[in-house]
Amino acid sequence: MTAPIPRDIPDIPAVPGIPALLPLPVPASAVMAPARRPLAAVFRALIALAAVAGVTIELVLGSPVRVLTYFEVQSNILLALVFAAAARRAWSARRPLPSALTGATLLYVVIAGAVYHLVLADGTIPFTMTPGPTGSTGWASVANQLLHTVTPVAAALDWLLLTPPGRLRIRQAAPWMLYPLAYLVVSLTRGELILPGTRGRYLYPFLDVDLHGYKSVLANALLLGLAFYALAVLLIAIDHARPKPLRHRGKTGFRL
């Protein structure tokens with residue numbers, strides 16, 4: 001025989017120190033695999049090909065060692081690598097690359113285009129750079145347009161039209177400045193290692209110590225650095241202010 005069950009069972013006291021569980025919102029992306037995006041994949045692959053074409057033309061027309069030291073060439077090489085990887089992820093329905101990487105790539109290529117069109121290609125200011133690194137006619141003109149106009153504009157369109165908004169963070173702006181700072185240090189060090197009077201000792205007129213002296217060059221670098229940081233903050237602000245892409249309901253009921 002079993003013992004009788006008592007009618008009055010005392011309540012078990014609550015264990016102190018254990019907080020109540022609260023419901024946490026879970027985004028749909030955490031439980032659903034991303035969908036294939038063939039349009040974004042094709043567009044990003046074309047951008048990568050444009051960057052590769054521009055860099056290749058520059059390498060064929062000029063000295064490879066010298067060409068690879070230019071900021072716009074380095075930024076376009078980074079653009080080609082990142083957008084090729086992003087195109088593959090969009091085609092194979094994989095998660096996008098980290099926003100810190102894609103945001104830095106966008107910033108650097110936009111810097112390259114802005115500095116060229118606003119500073120180097122403007123004949124009304126003392127820092128003009130005409131003709132360009134390898135000239136301004138024929139294939140050299142094609143390379144200049146690819147590296148300074150086509151890829152920056154295309155990368156900006158990809159960011160505005162094909163990338164979800166709100167992914168960039170203000171804390172990413174300061175680390176993005178490390179590459180331009182390192183480029184400045186390497187450029188000035190390179191100039192010191194080359195004999196004075198050598199043609200092309202400094203790659204850009206605003207970094208030419210022979211013409212302007214270190215005081216003016218460092219002042220120019222500081223102004224450009226502040227402008228680059230302001231541009232990074234502006235991109236982040238636009239990323240959070242721009243409208244979201246159109247939404248639709250999937251078969252699972254999640255709002256995508």
# chains A, B, ... in the order shown; residues from 1 in each chain; ligands from 1

$ select_by_dssp --residues "segment 20-234 of chain A" --states "alpha helix (DSSP H)" --output "PyMOL selection string"
chain A and resi 28-31+38-61+64-67+71-91+99-115+139-145+151-162+173-176+178-193+209-234

$ residues_around --residues "Ala41 of chain A" --least-positions-apart "3" --cutoff "8 Å" --atoms "only C-alpha atoms" --output "JSON, numbers by chain"
{"A": [37, 38, 44, 45, 86, 87, 88, 89, 90, 91]}

$ closest_atom_pairs --of "segment 49-94 of chain A" --to "segment 139-154 of chain A" --cutoff "10 Å" --atoms "only C-alpha atoms" --output "JSON lines"
{"residue": "A:Leu49", "atom": "CA", "partner": "A:Thr151", "partner_atom": "CA", "distance": 9.6}
{"residue": "A:Ala50", "atom": "CA", "partner": "A:Leu146", "partner_atom": "CA", "distance": 6.4}
{"residue": "A:Ala51", "atom": "CA", "partner": "A:Leu147", "partner_atom": "CA", "distance": 6.4}
{"residue": "A:Val52", "atom": "CA", "partner": "A:Leu147", "partner_atom": "CA", "distance": 9.2}
{"residue": "A:Ala53", "atom": "CA", "partner": "A:Ala143", "partner_atom": "CA", "distance": 7.5}
{"residue": "A:Gly54", "atom": "CA", "partner": "A:Ala143", "partner_atom": "CA", "distance": 4.5}
{"residue": "A:Val55", "atom": "CA", "partner": "A:Ala143", "partner_atom": "CA", "distance": 7.1}
{"residue": "A:Thr56", "atom": "CA", "partner": "A:Ala143", "partner_atom": "CA", "distance": 8.4}
{"residue": "A:Ile57", "atom": "CA", "partner": "A:Ala143", "partner_atom": "CA", "distance": 6.0}
{"residue": "A:Glu58", "atom": "CA", "partner": "A:Ala143", "partner_atom": "CA", "distance": 6.4}
{"residue": "A:Leu59", "atom": "CA", "partner": "A:Ala143", "partner_atom": "CA", "distance": 10.0}
{"residue": "A:Val60", "atom": "CA", "partner": "A:Ala140", "partner_atom": "CA", "distance": 9.8}
{"residue": "A:Leu61", "atom": "CA", "partner": "A:Ala140", "partner_atom": "CA", "distance": 7.4}
{"residue": "A:Gly62", "atom": "CA", "partner": "A:Ala140", "partner_atom": "CA", "distance": 9.5}
{"residue": "A:Glu72", "atom": "CA", "partner": "A:Leu147", "partner_atom": "CA", "distance": 6.6}
{"residue": "A:Val73", "atom": "CA", "partner": "A:Leu147", "partner_atom": "CA", "distance": 7.2}
{"residue": "A:Ser75", "atom": "CA", "partner": "A:Leu147", "partner_atom": "CA", "distance": 9.0}
{"residue": "A:Asn76", "atom": "CA", "partner": "A:Leu147", "partner_atom": "CA", "distance": 6.7}
{"residue": "A:Ile77", "atom": "CA", "partner": "A:Leu147", "partner_atom": "CA", "distance": 9.9}
{"residue": "A:Leu79", "atom": "CA", "partner": "A:Thr151", "partner_atom": "CA", "distance": 8.4}
{"residue": "A:Ala80", "atom": "CA", "partner": "A:Thr151", "partner_atom": "CA", "distance": 9.5}

$ atom_distance --atom1 "atom CA of Ala174 of chain A" --atom2 "atom CA of His240 of chain A"
17.8 Å

$ residues_around --residues "Leu160 of chain A" --least-positions-apart "4" --cutoff "9 Å" --atoms "only C-alpha atoms" --output "number ranges by chain"
A: 155-156, 164-165, 239, 242

$ write_last_selection --atoms "N, CA and C atoms" --output "PDB file, in the first residue's frame"
ATOM      1  N   ALA A 155      30.460  51.984 -55.905  1.00  0.00           N
ATOM      2  CA  ALA A 155      30.472  51.504 -54.526  1.00  0.00           C
ATOM      3  C   ALA A 155      29.448  52.254 -53.680  1.00  0.00           C
ATOM      4  N   ALA A 156      29.313  53.554 -53.914  1.00  0.00           N
ATOM      5  CA  ALA A 156      28.312  54.332 -53.176  1.00  0.00           C
ATOM      6  C   ALA A 156      26.892  53.890 -53.542  1.00  0.00           C
ATOM      7  N   PRO A 164      21.583  46.828 -46.570  1.00  0.00           N
ATOM      8  CA  PRO A 164      20.653  47.244 -45.512  1.00  0.00           C
ATOM      9  C   PRO A 164      21.224  48.410 -44.718  1.00  0.00           C
ATOM     10  N   PRO A 165      20.403  49.383 -44.326  1.00  0.00           N
ATOM     11  CA  PRO A 165      20.898  50.548 -43.586  1.00  0.00           C
ATOM     12  C   PRO A 165      21.130  50.233 -42.115  1.00  0.00           C
ATOM     13  N   ASP A 239      23.965  56.485 -43.274  1.00  0.00           N
ATOM     14  CA  ASP A 239      23.597  55.068 -43.201  1.00  0.00           C
ATOM     15  C   ASP A 239      22.445  54.841 -42.235  1.00  0.00           C
ATOM     16  N   ARG A 242      19.079  56.975 -43.955  1.00  0.00           N
ATOM     17  CA  ARG A 242      18.478  56.594 -45.233  1.00  0.00           C
ATOM     18  C   ARG A 242      17.355  55.575 -45.012  1.00  0.00           C
TER      19      ARG A 242
END

$ residues_around --residues "Ala227 of chain A" --least-positions-apart "2" --cutoff "12 Å" --atoms "only C-alpha atoms" --output "ChimeraX atom specification"
/A:107,111,114-115,177,180,220-225,229-234

$ write_last_selection --atoms "N, CA, C and O atoms" --output "compact mmCIF listing (two decimals), in the first residue's frame"
# COMPACT_ATOMS: atom_id res chain seq x y z
N LEU A 107 34.73 54.00 -47.61
CA LEU A 107 35.34 55.28 -47.24
C LEU A 107 36.62 55.53 -48.02
O LEU A 107 36.83 56.63 -48.55
N ILE A 111 37.29 58.52 -50.64
CA ILE A 111 38.38 59.46 -50.40
C ILE A 111 39.24 59.61 -51.64
O ILE A 111 39.61 60.73 -52.04
N ALA A 114 37.30 61.65 -54.20
CA ALA A 114 37.10 63.04 -53.80
C ALA A 114 38.40 63.84 -53.87
O ALA A 114 38.41 64.98 -54.35
N VAL A 115 39.50 63.26 -53.39
CA VAL A 115 40.78 63.97 -53.43
C VAL A 115 41.21 64.23 -54.87
O VAL A 115 41.72 65.30 -55.20
N MET A 177 40.67 55.50 -39.59
CA MET A 177 41.70 56.50 -39.86
C MET A 177 43.12 55.93 -39.76
O MET A 177 44.09 56.61 -40.11
N PRO A 180 44.86 55.65 -43.47
CA PRO A 180 45.41 56.91 -44.00
C PRO A 180 46.60 57.42 -43.20
O PRO A 180 47.55 57.97 -43.78
N ASN A 220 48.80 70.23 -43.97
CA ASN A 220 47.92 69.68 -45.00
C ASN A 220 47.39 68.31 -44.59
O ASN A 220 46.20 68.00 -44.78
N ALA A 221 48.28 67.48 -44.04
CA ALA A 221 47.87 66.14 -43.62
C ALA A 221 46.83 66.21 -42.51
O ALA A 221 45.87 65.41 -42.48
N LEU A 222 46.99 67.15 -41.58
CA LEU A 222 46.03 67.30 -40.49
C LEU A 222 44.67 67.72 -41.02
O LEU A 222 43.62 67.16 -40.61
N LEU A 223 44.65 68.68 -41.94
CA LEU A 223 43.38 69.12 -42.52
C LEU A 223 42.70 67.99 -43.28
O LEU A 223 41.48 67.79 -43.17
N LEU A 224 43.48 67.24 -44.05
CA LEU A 224 42.91 66.12 -44.78
C LEU A 224 42.40 65.04 -43.83
O LEU A 224 41.35 64.44 -44.06
N GLY A 225 43.16 64.80 -42.76
CA GLY A 225 42.72 63.80 -41.79
C GLY A 225 41.40 64.18 -41.14
O GLY A 225 40.52 63.33 -40.96
N TYR A 229 37.87 62.12 -41.44
CA TYR A 229 37.07 61.69 -40.29
C TYR A 229 35.65 62.25 -40.39
O TYR A 229 34.67 61.54 -40.09
N ALA A 230 35.53 63.51 -40.83
CA ALA A 230 34.19 64.09 -41.00
C ALA A 230 33.42 63.32 -42.08
O ALA A 230 32.21 63.11 -41.94
N LEU A 231 34.11 62.91 -43.13
CA LEU A 231 33.45 62.13 -44.18
C LEU A 231 32.98 60.79 -43.63
O LEU A 231 31.87 60.33 -43.96
N ALA A 232 33.80 60.15 -42.79
CA ALA A 232 33.40 58.87 -42.18
C ALA A 232 32.16 59.05 -41.32
O ALA A 232 31.22 58.25 -41.38
N VAL A 233 32.13 60.11 -40.51
CA VAL A 233 30.96 60.38 -39.66
C VAL A 233 29.73 60.66 -40.52
O VAL A 233 28.61 60.23 -40.21
N LEU A 234 29.94 61.38 -41.63
CA LEU A 234 28.81 61.69 -42.52
C LEU A 234 28.25 60.41 -43.14
O LEU A 234 27.02 60.24 -43.22

$ closest_residue --among "A:Val119, A:Leu193, A:Ile238, A:Ile47" --to "Leu168 of chain A" --atoms "only C-alpha atoms"
A:Ile238

$ residues_around --residues "Gln74 of chain A" --least-positions-apart "6" --cutoff "10 Å" --atoms "only C-alpha atoms" --output "VMD selection string"
chain A and resid 55 67 to 68 80 108 to 109 112
